[in-house]
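**Q** Dropping in run32.cif, which is mmCIF, C-alpha atoms:
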data_model
#
loop_
_atom_site.label_atom_id
_atom_site.label_comp_id
_atom_site.auth_asym_id
_atom_site.auth_seq_id
_atom_site.Cartn_x
_atom_site.Cartn_y
_atom_site.Cartn_z
CA MET M 1 19.14 -4.64 8.86
CA THR M 2 18.78 -8.26 7.83
CA THR M 3 18.25 -8.56 4.08
CA HIS M 4 16.68 -11.12 1.78
CA SER M 5 19.44 -13.67 1.13
CA ARG M 6 18.16 -14.59 -2.34
CA ARG M 7 18.23 -11.06 -3.71
CA THR M 8 20.59 -8.29 -2.59
CA HIS M 9 18.72 -5.00 -2.48
CA SER M 10 21.65 -2.65 -2.98
CA LEU M 11 21.25 0.23 -5.38
CA ALA M 12 23.95 -1.19 -7.61
CA THR M 13 22.23 -4.57 -7.88
CA VAL M 14 18.81 -3.17 -8.79
CA LYS M 15 20.36 -0.65 -11.21
CA LEU M 16 18.98 2.44 -9.54
CA ASP M 17 22.28 4.30 -9.27
CA THR M 18 22.87 7.58 -11.07
CA MET M 19 24.89 5.78 -13.76
CA GLN M 20 21.77 3.98 -14.97
CA PRO M 21 18.78 6.18 -14.10
CA SER M 22 16.48 4.67 -16.73
CA ALA M 23 17.02 1.00 -15.85
CA PRO M 24 13.99 -0.56 -14.13
CA ALA M 25 14.36 -2.13 -10.71
CA ILE M 26 11.71 -4.73 -11.47
CA THR M 27 9.79 -5.72 -14.58
CA VAL M 28 6.31 -6.87 -15.48
CA GLU M 29 7.74 -10.39 -15.55
CA ASP M 30 8.67 -10.06 -11.86
CA VAL M 31 5.08 -9.10 -11.11
CA GLN M 32 3.78 -12.02 -13.14
CA GLU M 33 6.04 -14.38 -11.17
CA ALA M 34 4.66 -12.89 -7.96
CA ALA M 35 1.13 -13.51 -9.24
CA ALA M 36 2.00 -17.17 -9.75
CA ARG M 37 3.23 -17.45 -6.13
CA LEU M 38 0.08 -15.76 -4.89
CA ASP M 39 -2.26 -18.00 -6.86
CA GLY M 40 -4.48 -19.76 -4.34
CA VAL M 41 -3.15 -17.59 -1.49
CA ALA M 42 -4.34 -14.07 -2.23
CA ARG M 43 -7.90 -13.46 -3.35
CA ARG M 44 -8.53 -12.23 -6.86
CA THR M 45 -10.54 -9.33 -5.54
CA PRO M 46 -13.58 -8.10 -7.46
CA VAL M 47 -13.94 -4.94 -9.51
CA LEU M 48 -17.11 -2.89 -9.12
CA THR M 49 -18.69 0.00 -10.98
CA SER M 50 -21.26 2.62 -10.03
CA GLU M 51 -23.44 4.64 -12.39
CA ALA M 52 -23.78 7.29 -9.70
CA LEU M 53 -20.00 7.56 -9.46
CA ASP M 54 -19.59 7.77 -13.22
CA ARG M 55 -22.15 10.59 -13.41
CA ALA M 56 -20.54 12.45 -10.53
CA VAL M 57 -17.06 12.51 -12.07
CA GLY M 58 -17.79 12.39 -15.81
CA ALA M 59 -15.70 9.28 -16.34
CA SER M 60 -16.09 5.51 -16.41
CA VAL M 61 -14.68 4.32 -13.08
CA VAL M 62 -13.73 0.77 -12.07
CA LEU M 63 -13.04 0.12 -8.38
CA LYS M 64 -10.53 -2.60 -7.46
CA CYS M 65 -11.71 -3.80 -4.05
CA GLU M 66 -8.62 -4.76 -2.08
CA ASN M 67 -10.59 -4.02 1.08
CA LEU M 68 -11.96 -7.53 0.44
CA GLN M 69 -8.49 -9.08 0.33
CA ARG M 70 -7.35 -11.59 2.97
CA ALA M 71 -6.09 -9.68 6.04
CA GLY M 72 -8.19 -6.76 4.80
CA ALA M 73 -5.75 -5.02 2.45
CA PHE M 74 -3.49 -5.36 -0.58
CA LYS M 75 -0.46 -5.75 1.70
CA LEU M 76 -0.82 -9.55 1.81
CA ARG M 77 0.42 -9.68 -1.77
CA GLY M 78 3.81 -8.13 -1.13
CA ALA M 79 4.37 -9.73 2.25
CA TYR M 80 3.64 -13.25 1.03
CA ASN M 81 5.66 -12.80 -2.15
CA ALA M 82 8.69 -11.89 -0.04
CA ILE M 83 8.26 -14.36 2.81
CA SER M 84 7.50 -17.32 0.56
CA GLN M 85 10.93 -16.92 -1.03
CA LEU M 86 12.92 -17.12 2.20
CA SER M 87 15.54 -19.82 2.54
CA ALA M 88 14.91 -22.76 4.86
CA ASP M 89 17.25 -21.22 7.44
CA GLU M 90 15.53 -17.82 7.26
CA THR M 91 12.14 -19.49 7.61
CA ARG M 92 13.33 -21.38 10.68
CA ARG M 93 14.59 -18.18 12.36
CA GLY M 94 11.55 -16.02 11.62
CA VAL M 95 10.81 -12.56 10.29
CA ALA M 96 10.44 -9.02 11.64
CA ALA M 97 8.55 -6.05 10.25
CA TYR M 98 7.42 -2.55 11.12
CA SER M 99 3.99 -1.26 10.22
CA SER M 100 1.09 0.97 11.18
CA GLY M 101 -1.22 -2.00 10.77
CA ASN M 102 -1.94 -3.45 7.33
CA HIS M 103 1.57 -4.69 6.57
CA ALA M 104 1.67 -6.02 10.13
CA GLN M 105 -1.39 -8.18 9.54
CA ALA M 106 -0.09 -9.25 6.13
CA VAL M 107 3.29 -10.32 7.51
CA ALA M 108 1.67 -12.09 10.45
CA LEU M 109 -0.69 -14.06 8.19
CA SER M 110 1.99 -14.78 5.61
CA ALA M 111 4.35 -16.04 8.29
CA THR M 112 1.67 -18.44 9.50
CA LEU M 113 0.97 -19.65 5.97
CA VAL M 114 4.66 -20.24 5.27
CA GLY M 115 5.30 -21.83 8.67
CA THR M 116 7.47 -19.25 10.36
CA THR M 117 7.12 -16.67 13.16
CA ALA M 118 6.78 -12.89 13.07
CA VAL M 119 7.68 -9.99 15.34
CA ILE M 120 6.04 -6.69 14.39
CA VAL M 121 7.02 -3.18 15.50
CA MET M 122 3.77 -1.15 15.64
CA PRO M 123 2.88 2.39 16.80
CA GLU M 124 1.33 2.71 20.25
CA ASP M 125 -1.62 4.53 18.66
CA THR M 126 -2.33 1.88 16.03
CA PRO M 127 -6.10 1.41 15.71
CA ARG M 128 -7.25 -1.36 18.05
CA ALA M 129 -8.78 -3.40 15.24
CA LYS M 130 -5.40 -3.66 13.51
CA LEU M 131 -3.55 -4.54 16.71
CA ASP M 132 -6.04 -7.26 17.60
CA ALA M 133 -5.99 -8.75 14.12
CA THR M 134 -2.18 -8.84 14.06
CA ARG M 135 -2.11 -10.67 17.39
CA ASP M 136 -4.83 -13.04 16.21
CA TYR M 137 -2.62 -14.04 13.26
CA GLY M 138 0.00 -15.10 15.80
CA ALA M 139 2.54 -12.27 15.71
CA GLU M 140 4.44 -10.81 18.64
CA ILE M 141 3.96 -7.03 18.84
CA VAL M 142 6.57 -4.51 19.99
CA ALA M 143 5.08 -1.02 20.52
CA TYR M 144 6.79 2.31 19.83
CA ASP M 145 5.97 6.04 19.69
CA ARG M 146 5.63 6.99 16.02
CA TYR M 147 6.34 10.67 16.78
CA SER M 148 9.56 10.25 18.76
CA GLU M 149 11.09 6.88 17.84
CA ASP M 150 12.48 5.39 14.63
CA ARG M 151 10.58 2.21 13.81
CA ALA M 152 13.14 1.00 11.27
CA GLU M 153 15.95 1.25 13.83
CA ILE M 154 13.92 -0.58 16.46
CA CYS M 155 13.12 -3.33 13.96
CA ALA M 156 16.74 -3.58 12.81
CA ASP M 157 17.93 -3.95 16.40
CA LEU M 158 15.37 -6.68 17.08
CA ALA M 159 16.32 -8.50 13.91
CA ALA M 160 20.03 -8.34 14.75
CA ASP M 161 19.45 -9.58 18.31
CA ARG M 162 17.23 -12.48 17.28
CA GLY M 163 18.58 -13.37 13.85
CA LEU M 164 15.37 -12.42 12.05
CA THR M 165 14.86 -11.40 8.42
CA VAL M 166 13.28 -7.96 8.02
CA ILE M 167 10.37 -7.66 5.61
CA PRO M 168 9.95 -3.89 5.04
CA PRO M 169 6.47 -2.52 4.27
CA TYR M 170 7.43 -1.09 0.88
CA ASP M 171 11.18 -0.68 0.22
CA HIS M 172 11.82 -4.26 -0.92
CA LEU M 173 11.76 -5.51 -4.50
CA ASP M 174 9.72 -8.63 -3.77
CA VAL M 175 7.19 -6.58 -1.81
CA ILE M 176 6.87 -4.09 -4.68
CA ALA M 177 6.41 -6.93 -7.18
CA GLY M 178 3.70 -8.45 -5.01
CA GLN M 179 1.84 -5.16 -4.76
CA GLY M 180 2.01 -4.84 -8.52
CA THR M 181 -0.29 -7.84 -8.84
CA VAL M 182 -3.20 -5.59 -7.78
CA SER M 183 -3.01 -3.65 -11.03
CA LEU M 184 -2.05 -6.72 -13.04
CA GLU M 185 -5.42 -8.16 -12.06
CA LEU M 186 -7.21 -4.84 -12.49
CA LEU M 187 -6.04 -4.44 -16.08
CA GLU M 188 -7.05 -8.03 -16.85
CA GLN M 189 -10.48 -7.60 -15.26
CA ALA M 190 -11.33 -4.13 -16.56
CA GLY M 191 -9.78 -4.20 -19.98
CA GLY M 192 -8.29 -1.02 -21.40
CA LEU M 193 -7.85 1.79 -18.87
CA ASP M 194 -6.56 5.28 -19.45
CA THR M 195 -5.58 6.00 -15.84
CA VAL M 196 -5.05 4.07 -12.62
CA ILE M 197 -5.19 5.92 -9.30
CA VAL M 198 -3.81 4.46 -6.07
CA PRO M 199 -3.10 5.60 -2.51
CA VAL M 200 0.49 6.40 -1.56
CA GLY M 201 2.21 5.72 1.75
CA GLY M 202 5.79 4.58 1.31
CA GLY M 203 5.15 4.07 -2.39
CA GLY M 204 5.17 0.28 -2.80
CA LEU M 205 1.68 0.00 -4.28
CA LEU M 206 2.31 3.02 -6.51
CA ALA M 207 5.61 1.59 -7.73
CA GLY M 208 4.15 -1.84 -8.44
CA THR M 209 1.24 -0.22 -10.26
CA ALA M 210 3.63 1.90 -12.32
CA VAL M 211 5.74 -1.10 -13.32
CA VAL M 212 2.63 -2.83 -14.64
CA GLY M 213 0.71 0.12 -16.05
CA SER M 214 3.30 2.41 -17.60
CA PRO M 215 4.52 -0.06 -20.27
CA ALA M 216 0.88 -0.44 -21.30
CA GLY M 217 0.50 3.31 -21.75
CA VAL M 218 -1.64 3.77 -18.63
CA ARG M 219 -1.29 7.06 -16.74
CA ILE M 220 -0.46 6.41 -13.08
CA ILE M 221 -1.56 8.85 -10.37
CA GLY M 222 -0.83 8.58 -6.65
CA VAL M 223 -2.85 10.11 -3.83
CA GLU M 224 -1.55 11.27 -0.44
CA PRO M 225 -3.22 12.98 2.53
CA GLU M 226 -2.52 16.70 2.62
CA ALA M 227 -0.73 16.35 5.95
CA GLY M 228 1.71 13.79 4.51
CA ASP M 229 2.69 14.93 1.02
CA ASP M 230 6.26 13.60 1.12
CA THR M 231 6.05 11.79 -2.21
CA LYS M 232 4.51 14.79 -3.98
CA ARG M 233 7.24 17.04 -2.61
CA SER M 234 9.93 14.51 -3.43
CA LEU M 235 8.83 14.18 -7.04
CA ALA M 236 8.80 17.97 -7.40
CA ALA M 237 12.28 18.24 -5.89
CA GLY M 238 13.75 15.32 -7.82
CA GLU M 239 15.01 13.76 -4.60
CA ARG M 240 13.52 12.26 -1.47
CA VAL M 241 12.11 14.88 0.88
CA SER M 242 11.17 14.26 4.51
CA VAL M 243 8.14 15.82 6.22
CA PRO M 244 7.07 15.66 9.87
CA VAL M 245 5.27 12.42 10.69
CA PRO M 246 1.77 13.18 9.37
CA ARG M 247 -1.17 13.60 11.71
CA THR M 248 -4.00 12.30 9.58
CA ILE M 249 -6.90 9.89 9.85
CA ALA M 250 -5.21 7.94 7.03
CA ASP M 251 -2.85 6.11 9.38
CA GLY M 252 -1.76 3.71 6.65
CA GLN M 253 -0.33 6.68 4.76
CA ALA M 254 1.36 8.38 7.72
CA VAL M 255 4.86 8.15 6.26
CA ALA M 256 7.51 10.88 6.59
CA MET M 257 9.59 10.02 3.51
CA PRO M 258 9.14 7.80 0.44
CA GLY M 259 11.21 4.64 0.19
CA GLU M 260 14.51 4.66 -1.64
CA LEU M 261 13.62 1.92 -4.11
CA THR M 262 10.03 3.04 -4.50
CA PHE M 263 10.98 6.66 -5.16
CA GLU M 264 13.42 5.71 -7.91
CA ILE M 265 10.67 3.78 -9.68
CA ASN M 266 7.97 6.36 -9.11
CA ARG M 267 9.98 9.38 -10.21
CA ARG M 268 10.42 7.76 -13.63
CA LEU M 269 7.04 6.16 -14.19
CA VAL M 270 4.37 8.07 -12.26
CA ALA M 271 2.52 10.94 -13.96
CA GLU M 272 1.67 12.87 -10.79
CA VAL M 273 0.78 12.70 -7.12
CA VAL M 274 -2.14 14.70 -5.75
CA THR M 275 -3.35 15.30 -2.20
CA VAL M 276 -6.69 15.13 -0.42
CA ALA M 277 -7.93 16.46 2.91
CA ASP M 278 -9.10 14.22 5.73
CA ALA M 279 -12.66 15.51 5.31
CA GLU M 280 -12.57 14.52 1.64
CA ILE M 281 -11.39 11.04 2.58
CA VAL M 282 -14.32 10.72 4.98
CA ALA M 283 -16.71 11.76 2.20
CA ALA M 284 -15.27 9.02 -0.01
CA MET M 285 -15.68 6.45 2.79
CA ARG M 286 -19.31 7.52 3.16
CA PHE M 287 -19.88 7.28 -0.62
CA LEU M 288 -18.49 3.74 -0.72
CA PHE M 289 -20.65 2.68 2.19
CA GLU M 290 -23.90 4.32 1.11
CA ARG M 291 -23.70 3.67 -2.65
CA LEU M 292 -21.76 0.40 -2.93
CA LYS M 293 -22.11 -1.07 0.59
CA LEU M 294 -18.32 -1.23 0.93
CA VAL M 295 -16.35 -0.54 4.10
CA ALA M 296 -13.01 1.15 3.49
CA GLU M 297 -10.52 2.48 6.00
CA PRO M 298 -9.36 6.08 5.48
CA SER M 299 -6.20 5.13 3.59
CA GLY M 300 -8.25 2.74 1.49
CA ALA M 301 -10.60 5.51 0.37
CA SER M 302 -8.07 8.24 -0.39
CA ALA M 303 -7.71 7.40 -4.08
CA LEU M 304 -11.47 7.62 -4.56
CA ALA M 305 -11.44 10.92 -2.67
CA ALA M 306 -9.14 12.34 -5.34
CA VAL M 307 -11.56 11.20 -8.04
CA LEU M 308 -14.64 12.61 -6.31
CA THR M 309 -12.95 15.99 -5.73
CA GLY M 310 -11.63 16.31 -9.27
CA ARG M 311 -7.97 16.47 -8.28
CA ALA M 312 -7.04 14.94 -11.63
CA ASP M 313 -8.53 15.60 -15.08
CA LEU M 314 -10.38 12.38 -15.84
CA ALA M 315 -13.17 13.61 -18.11
CA GLY M 316 -14.26 10.94 -20.57
CA GLU M 317 -11.62 8.45 -19.44
CA ARG M 318 -11.80 4.86 -18.24
CA VAL M 319 -10.27 5.00 -14.78
CA GLY M 320 -9.20 2.29 -12.35
CA VAL M 321 -9.23 3.19 -8.66
CA VAL M 322 -7.71 0.97 -5.99
CA ILE M 323 -9.66 0.73 -2.73
CA SER M 324 -6.60 -0.46 -0.89
CA GLY M 325 -7.91 -1.60 2.49
CA GLY M 326 -10.84 -2.02 4.84
CA ASN M 327 -9.21 -2.49 8.23
CA VAL M 328 -11.23 -0.17 10.41
CA GLY M 329 -13.16 -1.08 13.55
CA ALA M 330 -16.93 -0.67 13.64
CA ALA M 331 -16.89 2.06 16.28
CA ARG M 332 -14.19 4.09 14.51
CA PHE M 333 -15.92 3.68 11.15
CA ALA M 334 -19.24 4.89 12.57
CA GLU M 335 -17.52 7.81 14.27
CA LEU M 336 -15.86 8.92 11.03
CA ILE M 337 -18.73 8.64 8.58
CA ALA M 338 -21.63 9.77 10.79
CA PRO M 339 -22.77 13.29 9.85
CA GLU M 340 -22.37 15.90 12.60
CA ALA M 341 -26.12 16.29 12.62
CA ASP M 342 -28.53 13.67 11.34
CA SER M 343 -32.28 14.17 11.63
CA ASP M 344 -33.11 10.52 10.82
#
Have the structure of the file written as structure tokens, please.

**A**
Amino acid sequence: MTTHSRRTHSLATVKLDTMQPSAPAITVEDVQEAAARLDGVARRTPVLTSEALDRAVGASVVLKCENLQRAGAFKLRGAYNAISQLSADETRRGVAAYSSGNHAQAVALSATLVGTTAVIVMPEDTPRAKLDATRDYGAEIVAYDRYSEDRAEICADLAADRGLTVIPPYDHLDVIAGQGTVSLELLEQAGGLDTVIVPVGGGGLLAGTAVVGSPAGVRIIGVEPEAGDDTKRSLAAGERVSVPVPRTIADGQAVAMPGELTFEINRRLVAEVVTVADAEIVAAMRFLFERLKLVAEPSGASALAAVLTGRADLAGERVGVVISGGNVGAARFAELIAPEADSD
């Protein structure tokens, strides 16, 4: 797989080997540098509160609305932070990525902003809205079967054949640092928080959040769909554990195994990972729409689902919750949140 020429992502280089288990891969300073690169590119997304939500959960909750980010999700932050640091030769040759949708759009947009080209490996069953948006940003799409083919291998082969630089969706230090800017902003906007809760797919957002929040004494909690609890199992086992490719409405979290770099960060800095059912995610999507007039995709609402269902003890705390994305088509959104029977 083609790697970032300006930073070698070997375990030895980032100090994640067993000889130095406590050494951080990235620091708050790396996240701050990413924030400087993203200034004027990524939106400083708003934070919102809801008295109804606070009453329901017995805590003071602040929602970080990355569903309002450019390209519809937090993924722009990591993708741009990585792509903007490519050498002139790498920029000329182009980039490749693999993604279920949000990273695809982020890479495609970032490539356009930087002045390069992108080839994205995407599942055949990617929601249409995400496919269309990725194409609209100018990327070439290569489809694969997420249940029988290895997307990373397909992407690596493409990159080798065409001389492209691979921008992974989470297992890349510059991507992790970029994602950490979500919580860097959240802590600046909300002031002191006791806990920050974020969705978990491959673990990039969780790792970036942990790098920022843990040194400040903030408890970090990740949320996965019940069908894809690979990070929860991995943390319990003390090593990366693979699960069957999850079948869940939260397509952005349908990952079989946490990343190597992300897991090493998360196992040291994350307090816990909890799981939520698809039906609970839908209830959170409905709450966001009805009470705050926000549209979130399933993955984007999973962290709030954990709060609404009491998966973590948050009583009396000030809690930050990341609404990570809003890339869901109108028809699919209506299908998911509509009650089975509605007399109105």

**Q** Near region 124-127 of chain M, counting all atoms listed in the file, which residues have an atom at most 8 Å away, once you skip same-chain residues fewer than 2 positions from it, shown as a list of chain:residue names?

**A** M:Ser100, M:Gly101, M:Met122, M:Ala129, M:Lys130, M:Leu131, M:Ala143, M:Tyr144, M:Asp145, M:Arg146, M:Asp251, M:Val328, M:Gly329

**Q** Step by step, work through what the PyMOL selection byres ((chain M and resi 94) around 6) selects in the shown file, and finish by giving those residues as number ranges by chain.

**A** M: 91-93, 95, 116-118, 164

**Q** Show which residues sit within 6 Å of region 176-186 of chain M, as a PDB file with C-alpha atoms, keeping the file's coordinate frame. Count all atoms listed in the file, and ignore same-chain residues fewer than 2 positions away.

**A**
ATOM      1  CA  VAL M  31       5.080  -9.100 -11.110  1.00  0.00           C
ATOM      2  CA  ALA M  34       4.660 -12.890  -7.960  1.00  0.00           C
ATOM      3  CA  ALA M  35       1.130 -13.510  -9.240  1.00  0.00           C
ATOM      4  CA  ARG M  77       0.420  -9.680  -1.770  1.00  0.00           C
ATOM      5  CA  GLY M  78       3.810  -8.130  -1.130  1.00  0.00           C
ATOM      6  CA  ASN M  81       5.660 -12.800  -2.150  1.00  0.00           C
ATOM      7  CA  LEU M 173      11.760  -5.510  -4.500  1.00  0.00           C
ATOM      8  CA  ASP M 174       9.720  -8.630  -3.770  1.00  0.00           C
ATOM      9  CA  GLU M 188      -7.050  -8.030 -16.850  1.00  0.00           C
ATOM     10  CA  GLN M 189     -10.480  -7.600 -15.260  1.00  0.00           C
ATOM     11  CA  ALA M 190     -11.330  -4.130 -16.560  1.00  0.00           C
ATOM     12  CA  GLY M 204       5.170   0.280  -2.800  1.00  0.00           C
ATOM     13  CA  LEU M 205       1.680   0.000  -4.280  1.00  0.00           C
ATOM     14  CA  GLY M 208       4.150  -1.840  -8.440  1.00  0.00           C
ATOM     15  CA  THR M 209       1.240  -0.220 -10.260  1.00  0.00           C
TER      16      THR M 209
END

**Q** Can you translate the PyMOL selection byres ((chain M and resi 98) around 6) into the concrete residues it hits in this file, as a PyMOL selection string?

**A** chain M and resi 97+99+120-122

**Q** Please determine an axis-aligned box that encloses all atoms of region 310-324 of chain M listed in the file, with 3 Å added on each side, and express its centre and edge lengths in Å to one decimal as lines of an AutoDock Vina configuration file.

**A**
center_x = -10.4
center_y = 8.0
center_z = -10.7
size_x = 13.7
size_y = 22.9
size_z = 25.7

**Q** Using Å and a single decimal, report how far CA of Gly259 (chain M) sits from CA of Glu140 (chain M).

**A**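 Spanning CA of Glu140 (chain M) to CA of Gly259 (chain M) is a straight-line distance of 25.0 Å.
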
**Q** Could you pull the residues within 6 Å of Glu226 (chain M), counting all atoms listed in the file, minus those fewer than 3 positions along the same chain, as a tab-separated table (two decimals) with C-alpha atoms, in the coordinates of the input?

**A**
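Listing of out-v7.tsv after writing:
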chain	number	residue	atom	x	y	z
M	229	ASP	CA	2.69	14.93	1.02
M	275	THR	CA	-3.35	15.30	-2.20
M	276	VAL	CA	-6.69	15.13	-0.42
M	277	ALA	CA	-7.93	16.46	2.91

**Q** Report, in Å with one decimal, the straight-line distance from CA of Thr248 (chain M) to CA of Leu206 (chain M).

**A** 19.6 Å

**Q** Pick out the closest residue to Leu68 (chain M) from this set: M:Leu109, M:Val255, M:Ala296, M:Ala283. Count all atoms listed in the file.

**A**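 Smallest separation from Leu68 (chain M) among the options: M:Ala296.
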
**Q** Quick check, in Å to one decimal: how far apart do CA of Ala71 (chain M) and CA of Asn102 (chain M) lie?

**A**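 Computed distance, CA of Ala71 (chain M) to CA of Asn102 (chain M), equals 7.6 Å.
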
**Q** Using the chain letters and numbering of this document, enumerate as a compact mmCIF listing (two decimals) with C-alpha atoms, in the coordinates of the input the residues selected by the PyMOL selection byres ((chain M and resi 235-244) around 6).

**A**
# COMPACT_ATOMS: atom_id res chain seq x y z
CA ASP M 230 6.26 13.60 1.12
CA LYS M 232 4.51 14.79 -3.98
CA ARG M 233 7.24 17.04 -2.61
CA SER M 234 9.93 14.51 -3.43
CA VAL M 245 5.27 12.42 10.69
CA PRO M 246 1.77 13.18 9.37
CA ALA M 256 7.51 10.88 6.59
CA MET M 257 9.59 10.02 3.51
CA ARG M 267 9.98 9.38 -10.21
